[in-house]
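Have a look at coords34.txt; it's compact mmCIF, C-alpha atoms:
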# COMPACT_ATOMS: atom_id res chain seq x y z
CA MET A 1 -10.81 35.82 6.03
CA THR A 2 -8.12 36.26 3.36
CA SER A 3 -7.90 39.92 4.27
CA ILE A 4 -7.34 39.09 7.96
CA LEU A 5 -4.62 36.60 6.99
CA LEU A 6 -2.91 39.20 4.79
CA ALA A 7 -3.21 41.82 7.56
CA THR A 8 -1.53 39.39 9.96
CA LEU A 9 1.31 38.47 7.60
CA ILE A 10 2.08 41.92 6.16
CA GLY A 11 1.55 43.62 9.52
CA ALA A 12 3.90 41.23 11.33
CA ALA A 13 6.52 41.63 8.59
CA PHE A 14 6.23 45.42 8.82
CA GLY A 15 6.59 45.40 12.61
CA ALA A 16 9.60 43.07 12.47
CA VAL A 17 11.32 45.17 9.79
CA LEU A 18 10.67 48.40 11.73
CA ASP A 19 12.45 46.80 14.68
CA ARG A 20 15.39 45.49 12.63
CA ILE A 21 16.08 48.81 10.88
CA GLY A 22 16.00 50.61 14.24
CA ALA A 23 12.94 52.77 13.50
CA THR A 24 11.33 51.74 16.80
CA ASN A 25 14.45 52.89 18.66
CA PRO A 26 13.98 56.51 19.85
CA ASN A 27 17.78 56.95 20.05
CA LEU A 28 18.10 56.43 16.31
CA ILE A 29 15.12 58.71 15.59
CA GLY A 30 16.74 61.43 17.73
CA LYS A 31 20.11 60.99 16.00
CA MET A 32 18.47 61.14 12.59
CA LEU A 33 16.56 64.31 13.47
CA ASN A 34 19.50 66.09 15.11
CA LEU A 35 21.47 65.20 11.96
CA THR A 36 24.25 63.32 13.74
CA ASN A 37 23.48 59.90 12.20
CA THR A 38 21.45 59.68 8.99
CA HIS A 39 21.53 55.86 8.81
CA LEU A 40 17.76 55.63 9.38
CA MET A 41 17.08 58.46 6.92
CA LYS A 42 19.02 56.55 4.26
CA THR A 43 16.96 53.44 5.07
CA ILE A 44 13.67 55.35 4.71
CA LEU A 45 14.71 57.05 1.45
CA LEU A 46 15.83 53.74 -0.05
CA ALA A 47 12.56 52.11 1.06
CA ILE A 48 10.40 54.82 -0.55
CA GLY A 49 12.44 54.56 -3.75
CA THR A 50 12.31 50.76 -3.80
CA GLY A 51 8.58 50.70 -3.12
CA SER A 52 7.91 53.29 -5.81
CA ILE A 53 9.98 51.55 -8.50
CA LEU A 54 8.42 48.15 -7.74
CA MET A 55 4.86 49.52 -7.61
CA PHE A 56 5.00 51.60 -10.80
CA GLY A 57 7.07 48.96 -12.59
CA GLY A 58 4.52 46.35 -11.57
CA GLN A 59 1.67 48.56 -12.80
CA MET A 60 3.35 49.07 -16.18
CA MET A 61 3.80 45.32 -16.58
CA GLY A 62 0.18 44.76 -15.56
CA LEU A 63 1.17 42.80 -12.45
CA VAL A 64 -0.04 45.35 -9.89
CA ASP A 65 -3.63 46.59 -9.74
CA VAL A 66 -3.68 50.41 -10.11
CA GLY A 67 -6.95 50.34 -8.14
CA HIS A 68 -5.02 49.43 -4.99
CA MET A 69 -3.50 52.90 -4.88
CA SER A 70 -4.87 55.25 -2.24
CA VAL A 71 -3.87 58.88 -2.59
CA LYS A 72 -4.67 61.24 0.27
CA ALA A 73 -6.10 64.73 -0.20
CA THR A 74 -4.03 67.92 -0.10
CA TYR A 75 -5.23 70.72 2.22
CA VAL A 76 -3.61 73.29 4.52
CA GLY A 77 -4.18 71.00 7.53
CA VAL A 78 -1.81 68.44 5.98
CA PHE A 79 1.09 70.85 6.50
CA LEU A 80 -0.11 72.04 9.94
CA GLY A 81 -0.67 68.48 11.10
CA GLY A 82 2.76 67.57 9.73
CA LEU A 83 4.36 70.32 11.83
CA LEU A 84 2.58 69.12 14.96
CA LEU A 85 3.46 65.48 14.29
CA GLY A 86 7.08 66.44 13.59
CA ALA A 87 7.42 68.27 16.91
CA GLY A 88 5.91 65.36 18.83
CA TRP A 89 8.06 62.89 16.88
CA ALA A 90 11.22 64.75 17.88
CA VAL A 91 10.38 65.12 21.57
CA SER A 92 9.18 61.53 22.01
CA GLY A 93 11.23 59.66 19.41
CA TYR A 94 8.12 57.83 18.24
CA CYS A 95 5.54 58.08 15.45
CA PRO A 96 2.24 56.16 15.53
CA GLY A 97 3.50 52.91 13.97
CA THR A 98 6.87 52.79 15.67
CA GLY A 99 5.27 53.83 18.98
CA VAL A 100 2.94 50.83 19.14
CA CYS A 101 5.79 48.53 18.07
CA ALA A 102 8.12 49.97 20.72
CA ALA A 103 5.42 49.58 23.37
CA ALA A 104 5.04 45.93 22.38
CA SER A 105 8.84 45.57 22.54
CA GLY A 106 8.91 46.44 26.24
CA ARG A 107 9.75 50.15 26.09
CA LYS A 108 7.86 51.72 29.01
CA ASP A 109 8.04 55.28 27.67
CA ALA A 110 6.31 54.05 24.50
CA LEU A 111 3.31 52.95 26.60
CA PHE A 112 2.97 56.58 27.71
CA PHE A 113 3.36 57.68 24.08
CA VAL A 114 0.50 55.37 23.02
CA ALA A 115 -1.69 56.56 25.91
CA GLY A 116 -1.01 60.18 24.93
CA GLY A 117 -1.73 59.24 21.32
CA LEU A 118 -5.13 57.79 22.19
CA LEU A 119 -5.96 61.01 24.04
CA GLY A 120 -4.67 63.15 21.15
CA ALA A 121 -6.77 61.21 18.63
CA ALA A 122 -9.81 61.60 20.92
CA ALA A 123 -9.12 65.33 21.19
CA TYR A 124 -9.11 65.56 17.40
CA MET A 125 -12.41 63.65 17.23
CA ALA A 126 -13.88 66.22 19.64
CA THR A 127 -12.49 69.27 17.81
CA TYR A 128 -13.00 68.06 14.23
CA PRO A 129 -16.12 70.20 13.57
CA ALA A 130 -14.12 73.39 14.33
CA TRP A 131 -11.35 72.38 11.89
CA LYS A 132 -13.97 71.52 9.29
CA ALA A 133 -15.63 74.92 9.73
CA SER A 134 -12.27 76.74 9.52
CA GLY A 135 -11.83 75.73 5.87
CA LEU A 136 -8.34 74.35 6.58
CA LEU A 137 -9.55 70.85 5.62
CA THR A 138 -10.82 72.03 2.24
CA ASP A 139 -8.95 70.63 -0.77
CA ILE A 140 -6.26 72.78 -2.36
CA ALA A 141 -4.14 72.14 -5.47
CA GLY A 142 -6.68 69.63 -6.76
CA GLY A 143 -7.08 67.56 -3.58
CA LYS A 144 -6.18 63.94 -4.25
CA VAL A 145 -3.47 64.43 -6.87
CA THR A 146 -0.33 62.63 -8.01
CA MET A 147 2.75 64.18 -9.63
CA GLY A 148 2.09 62.66 -13.07
CA GLU A 149 -0.93 61.20 -14.85
CA ILE A 150 -1.33 57.59 -13.79
CA PRO A 151 -3.44 55.63 -16.30
CA ALA A 152 -6.73 54.30 -14.89
CA SER A 153 -5.96 55.52 -11.35
CA GLY A 154 -8.81 58.01 -11.31
CA TYR A 155 -6.56 60.64 -9.71
CA ASP A 156 -5.82 64.04 -11.25
CA ALA A 157 -2.21 65.04 -11.74
CA VAL A 158 -0.03 68.05 -10.95
CA THR A 159 1.75 67.74 -14.32
CA SER A 160 0.81 66.12 -17.62
CA LEU A 161 3.86 63.81 -17.46
CA PRO A 162 3.28 60.03 -17.61
CA GLY A 163 2.74 59.13 -13.95
CA ASP A 164 4.17 55.63 -13.95
CA ILE A 165 7.42 56.61 -15.65
CA LEU A 166 7.66 59.68 -13.40
CA GLY A 167 7.05 57.42 -10.40
CA ILE A 168 9.97 55.21 -11.38
CA ALA A 169 12.16 58.27 -12.02
CA LEU A 170 11.27 59.82 -8.64
CA GLY A 171 11.87 56.43 -7.05
CA ALA A 172 15.35 56.42 -8.59
CA VAL A 173 15.94 59.92 -7.18
CA PHE A 174 15.03 58.68 -3.68
CA VAL A 175 17.49 55.78 -4.08
CA LEU A 176 20.20 58.17 -5.33
CA VAL A 177 19.67 60.60 -2.44
CA ALA A 178 19.87 57.65 -0.02
CA PHE A 179 23.32 56.83 -1.40
CA LEU A 180 24.53 60.44 -1.58
CA LEU A 181 23.31 61.61 1.84
CA PRO A 182 26.31 61.94 4.19
CA GLU A 183 26.18 59.70 7.27
CA ARG A 184 26.51 62.78 9.44
CA ILE A 185 25.37 66.28 8.47
CA VAL A 186 26.32 68.48 11.44
CA PRO A 187 30.04 68.63 12.27
CA ASP A 188 31.29 67.07 15.48
CA HIS A 189 31.85 70.31 17.34
CA VAL A 190 28.30 71.66 16.97
CA ILE A 191 26.82 69.09 19.27
CA GLY A 192 28.98 68.63 22.35
CA HIS A 193 30.10 65.31 23.76
CA PRO A 194 29.26 64.49 27.37
CA ALA A 195 31.99 65.51 29.81
CA GLU A 196 34.28 62.59 30.62
CA MET B 1 21.70 44.78 16.55
CA HIS B 2 20.19 46.74 13.69
CA ILE B 3 20.69 45.85 10.03
CA LYS B 4 22.51 48.10 7.55
CA TRP B 5 20.55 50.71 5.65
CA LYS B 6 20.96 49.06 2.24
CA SER B 7 19.39 45.74 3.18
CA GLY B 8 17.01 47.46 5.64
CA GLY B 9 15.78 49.92 3.02
CA LEU B 10 15.22 47.16 0.47
CA LEU B 11 13.30 45.06 3.01
CA LEU B 12 11.15 47.99 4.15
CA GLY B 13 10.48 48.98 0.53
CA LEU B 14 9.47 45.40 -0.25
CA VAL B 15 6.95 45.39 2.61
CA PHE B 16 5.41 48.68 1.39
CA PHE B 17 5.28 47.26 -2.13
CA LEU B 18 3.68 43.97 -1.03
CA ALA B 19 1.04 45.86 0.94
CA VAL B 20 -0.04 47.96 -2.06
CA ALA B 21 0.31 45.04 -4.51
CA LEU B 22 -1.82 42.67 -2.43
CA VAL B 23 -4.21 44.96 -0.52
CA LYS B 24 -3.65 48.72 -0.08
CA PRO B 25 -1.02 51.20 1.11
CA ILE B 26 0.11 50.93 4.73
CA GLY B 27 -1.31 53.37 7.29
CA VAL B 28 -1.45 53.31 11.08
CA SER B 29 -2.74 56.47 12.77
CA THR B 30 -6.44 55.95 11.91
CA GLN B 31 -6.43 52.92 14.19
CA PHE B 32 -5.90 55.15 17.26
CA VAL B 33 -9.27 56.70 16.37
CA ILE B 34 -10.81 53.27 15.87
CA LEU B 35 -9.57 52.05 19.27
CA ASP B 36 -10.87 55.26 20.90
CA GLY B 37 -14.19 54.61 19.20
CA VAL B 38 -14.30 50.99 20.37
CA LEU B 39 -13.58 52.06 23.98
CA TRP B 40 -16.08 54.91 23.82
CA ASP B 41 -18.75 52.71 22.27
CA ALA B 42 -18.19 50.13 25.01
CA ILE B 43 -18.96 52.77 27.66
CA ALA B 44 -21.71 54.55 25.70
CA PRO B 45 -23.22 52.08 23.18
CA SER B 46 -25.24 54.80 21.44
CA VAL B 47 -22.09 56.40 19.94
CA VAL B 48 -22.11 54.16 16.88
CA SER B 49 -25.34 52.96 15.31
CA GLU B 50 -26.37 50.94 12.28
CA THR B 51 -28.19 52.62 9.39
CA ASP B 52 -29.90 51.23 6.27
CA SER B 53 -26.68 51.52 4.28
CA GLY B 54 -23.99 51.02 6.91
CA TYR B 55 -22.98 52.75 10.13
CA THR B 56 -23.01 56.26 11.53
CA SER B 57 -22.04 57.97 14.78
CA THR B 58 -23.08 60.82 17.03
CA ASN B 59 -19.43 61.94 16.70
CA ALA B 60 -18.98 63.95 13.49
CA TYR B 61 -15.48 62.58 12.87
CA LEU B 62 -16.54 58.92 13.14
CA ALA B 63 -19.57 59.67 10.94
CA LYS B 64 -17.60 61.39 8.15
CA SER B 65 -17.05 59.83 4.70
CA GLY B 66 -20.23 57.78 4.86
CA GLY B 67 -19.46 56.41 8.31
CA LYS B 68 -16.44 54.34 7.34
CA TYR B 69 -14.76 54.89 10.72
CA ALA B 70 -18.04 54.10 12.49
CA ALA B 71 -18.19 50.82 10.54
CA SER B 72 -14.65 49.94 11.65
CA VAL B 73 -15.55 50.72 15.27
CA ALA B 74 -18.58 48.41 14.96
CA ASP B 75 -16.35 45.64 13.57
CA PRO B 76 -12.73 46.13 14.69
CA LEU B 77 -11.75 42.73 13.28
CA ASN B 78 -11.02 44.39 9.93
CA TYR B 79 -7.83 44.50 7.82
CA SER B 80 -6.44 47.83 9.06
CA PHE B 81 -7.00 47.20 12.77
CA VAL B 82 -5.66 43.63 12.69
CA PHE B 83 -2.68 44.97 10.70
CA VAL B 84 -1.64 47.21 13.62
CA LEU B 85 -2.08 44.40 16.16
CA ALA B 86 0.07 42.16 13.92
CA MET B 87 2.74 44.90 13.72
CA MET B 88 3.02 44.82 17.50
CA VAL B 89 3.38 41.02 17.50
CA GLY B 90 5.96 41.14 14.68
CA ALA B 91 8.04 43.80 16.44
CA ALA B 92 7.87 42.01 19.79
CA LEU B 93 8.95 38.69 18.25
CA SER B 94 11.78 40.41 16.39
CA VAL B 95 13.08 42.05 19.59
CA TRP B 96 12.76 38.79 21.50
CA GLN B 97 14.58 36.87 18.75
CA ARG B 98 17.55 39.23 18.89
CA GLY B 99 17.84 38.91 22.64
CA GLY B 100 15.55 41.67 23.97
CA LEU B 101 16.25 45.18 25.23
CA ASP B 102 18.25 45.82 28.37
CA ALA B 103 16.48 47.15 31.44
CA SER B 104 17.89 50.69 31.25
CA GLU B 105 16.82 51.07 27.62
CA ARG B 106 13.34 49.73 28.41
CA SER B 107 13.01 52.36 31.09
CA ILE B 108 14.59 55.44 29.39
CA PRO B 109 16.32 55.61 25.97
CA ALA B 110 20.07 56.36 26.14
CA LEU B 111 19.91 59.60 24.11
CA TRP B 112 17.26 60.99 26.45
CA ARG B 113 19.30 59.91 29.49
CA ALA B 114 22.40 61.69 28.16
CA ASN B 115 20.50 64.95 27.75
CA PHE B 116 17.88 64.95 30.50
CA GLY B 117 19.05 62.48 33.15
CA ASP B 118 17.51 59.45 34.82
CA GLY B 119 14.19 60.86 35.98
CA THR B 120 11.43 58.59 34.71
CA PHE B 121 8.61 61.04 35.44
CA LYS B 122 10.05 63.67 33.09
CA ARG B 123 10.61 61.14 30.28
CA TYR B 124 7.17 59.55 30.60
CA ALA B 125 5.40 62.92 30.80
CA VAL B 126 7.17 64.12 27.63
CA ALA B 127 6.47 60.80 25.84
CA PHE B 128 2.78 61.22 26.76
CA LEU B 129 2.65 64.83 25.53
CA GLY B 130 4.59 63.84 22.41
CA GLY B 131 2.08 61.08 21.72
CA PHE B 132 -0.76 63.57 22.10
CA ALA B 133 0.85 65.98 19.59
CA VAL B 134 1.77 63.21 17.14
CA LEU B 135 -1.72 61.72 16.95
CA TYR B 136 -3.54 65.05 16.99
CA GLY B 137 -1.26 66.17 14.17
CA ALA B 138 -1.61 62.92 12.25
CA ARG B 139 -5.40 63.10 12.34
CA LEU B 140 -5.37 66.76 11.30
CA ALA B 141 -3.07 65.86 8.41
CA GLY B 142 -5.07 62.74 7.54
CA GLY B 143 -2.14 60.36 7.97
CA CYS B 144 1.22 59.79 9.63
CA THR B 145 4.77 58.79 8.81
CA SER B 146 3.52 55.50 7.31
CA GLY B 147 0.44 56.65 5.42
CA HIS B 148 1.50 60.12 4.26
CA MET B 149 5.28 60.14 4.21
CA MET B 150 6.12 56.61 3.07
CA SER B 151 3.00 55.35 1.28
CA GLY B 152 2.20 58.85 0.01
CA MET B 153 5.57 59.78 -1.46
CA MET B 154 5.91 56.24 -2.84
CA GLN B 155 2.73 56.82 -4.85
CA THR B 156 3.93 60.31 -5.88
CA ALA B 157 1.05 61.90 -3.93
CA LEU B 158 1.41 65.69 -3.58
CA SER B 159 -0.02 65.44 -0.05
CA GLY B 160 2.81 63.09 0.98
CA TYR B 161 5.44 65.66 0.02
CA ILE B 162 3.61 68.47 1.83
CA PHE B 163 3.25 66.34 4.95
CA ALA B 164 6.94 65.34 4.92
CA ALA B 165 7.97 68.99 4.50
CA GLY B 166 5.90 69.96 7.55
CA ALA B 167 7.08 67.04 9.66
CA PHE B 168 10.81 67.63 9.08
CA ALA B 169 10.46 71.43 9.27
CA ALA B 170 9.37 70.97 12.89
CA ALA B 171 11.20 67.78 13.86
CA ILE B 172 14.75 68.80 12.90
CA PRO B 173 14.87 72.15 14.78
CA VAL B 174 13.22 70.59 17.84
CA ALA B 175 15.72 67.69 17.85
CA LEU B 176 18.68 70.06 17.33
CA MET B 177 17.54 72.09 20.33
CA MET B 178 16.79 69.11 22.56
CA TYR B 179 19.54 66.58 21.88
CA LYS B 180 22.78 68.51 22.23
CA GLN B 181 24.63 65.74 24.05
CA GLU B 182 25.44 62.65 22.00
CA ALA B 183 24.89 59.17 23.33

In structure tokens, how does this file's structure come out?
Amino acid sequence: MTSILLATLIGAAFGAVLDRIGATNPNLIGKMLNLTNTHLMKTILLAIGTGSILMFGGQMMGLVDVGHMSVKATYVGVFLGGLLLGAGWAVSGYCPGTGVCAAASGRKDALFFVAGGLLGAAAYMATYPAWKASGLLTDIAGGKVTMGEIPASGYDAVTSLPGDILGIALGAVFVLVAFLLPERIVPDHVIGHPAE
Amino acid sequence: MHIKWKSGGLLLGLVFFLAVALVKPIGVSTQFVILDGVLWDAIAPSVVSETDSGYTSTNAYLAKSGGKYAASVADPLNYSFVFVLAMMVGAALSVWQRGGLDASERSIPALWRANFGDGTFKRYAVAFLGGFAVLYGARLAGGCTSGHMMSGMMQTALSGYIFAAGAFAAAIPVALMMYKQEA
């Protein structure tokens, strides 16, 4: 029961914040990805940095349970799937979380995105044995690994650096990049304005 | 309208932190599989079945990792599934509270309109195909923008960095090619 209550509260907060930062707006996703307005990119970088600093800081102070971490495995399919997701993200302007939120917000194209998503997930369920047999889902680089050694996490590390301090340092880098990233990366003349 | 990146980034970071502090890192794309499983199981009840130690499925993907997806299909009222339903409610309330979206934006986003015109069929067909690619890719990768990119990089997971590299390596060139007109 507690877990359902937490799912409701955190989920609703996440959905509301995704709307307020503009992540559920395909125009802002398109402008981020065509490098004409990096506002949303700065938001995402700052969020990753903030989350990282709070989580590792909380772990070091003993306030956050290390056991709540969940690190995903590394395999070739992670990169291939990332490419496929990236292409679909750019053409549609939605990713899974922002797509369902946009559909709930009244965006009709997002309903088609979600329908396509359900079919895509089903297609993966049907083709999973072939991927499994291909070896592209087999762990590489240690599988479930973090950048540094995180005490009591149970995960192996890429380096022997202290994982919590490294996590805070990388978090600070994300925050710094968020501040340094120019608001617009491509110059005005590369992407033409509509004819008046 | 939308909030500035500084306050927005702090708020979003706080939500990701609260999720991992109180329960577990945020992820979304698995729930597309769970909903598919629920629908499939409703049509063909033999898809998911109970075992001595839990659940399993005739589908190899639902049965993997000790049948944890099969278990979620059997009982969709679990944390991760309710989380996604709550996201939809939270986003809808937020949009409603700030006055809603105008009709043209609900039908076709402005950036798309500026580049590809007012035809709804073209936009909806591409949104559908995009959704297919996004979820097929997310399941192949084992996570999406939330689970891999945000939760993953936040935890300093190597997989999160590899996923983000792949996603942007495809997304940026595609967007540069598609959205040449600004809106």

### Task
Within 8 Å of range 148-152 of chain B, counting only C-alpha atoms, which residues show up once you throw out same-chain ones fewer than 3 positions away? Write them as a PyMOL selection string, please.
(chain A and resi 44+48+71-72) or (chain B and resi 16+25-27+142-145+155-161+163-164)

### Query
Pick the closest to Val73 in chain B from B:Ile34, B:Met154, B:Ala183, B:Val89: which is it, counting all atoms listed in the file?
B:Ile34

### 10 Å contact set for Gly135 in chain A, all atoms listed in the file, chain neighbours under 4 positions out, as an MDAnalysis selection string
chainID A and resid 75:77 130:131 139

### Task
Return the single residue from A:Met32, A:Ile150, A:Cys101, A:Ala110 that is closest to Tyr124 in chain B, with distances computed using only C-alpha atoms.
A:Ala110

#### Entry: Shell around Phe83 in chain B at 12 Å using only C-alpha atoms, local window under 5 positions removed, as JSON, numbers by chain
{"A": [3, 4, 5, 6, 7, 8, 9, 10, 11, 12, 13, 14, 15, 97, 100, 101], "B": [19, 23, 24, 25, 26, 27, 28, 29, 30, 31, 76, 77, 78, 88, 89, 90]}

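Nearest to Gly116 in chain A of all the residues B:Tyr136, B:Asp75, B:Val174, B:Pro109 is B:Tyr136, counting all atoms listed in the file.
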
### Message
I want to know what sits within 7 Å of range 17-30 of chain A, based on all atoms listed in the file, with residues of the same chain fewer than 3 positions away left out; could you give that as a PyMOL selection string?
### Response
(chain A and resi 13-14+33-34+40+90+93-94+98-99+101-102) or (chain B and resi 2-3+8+12+91+94-95+109-111+175)
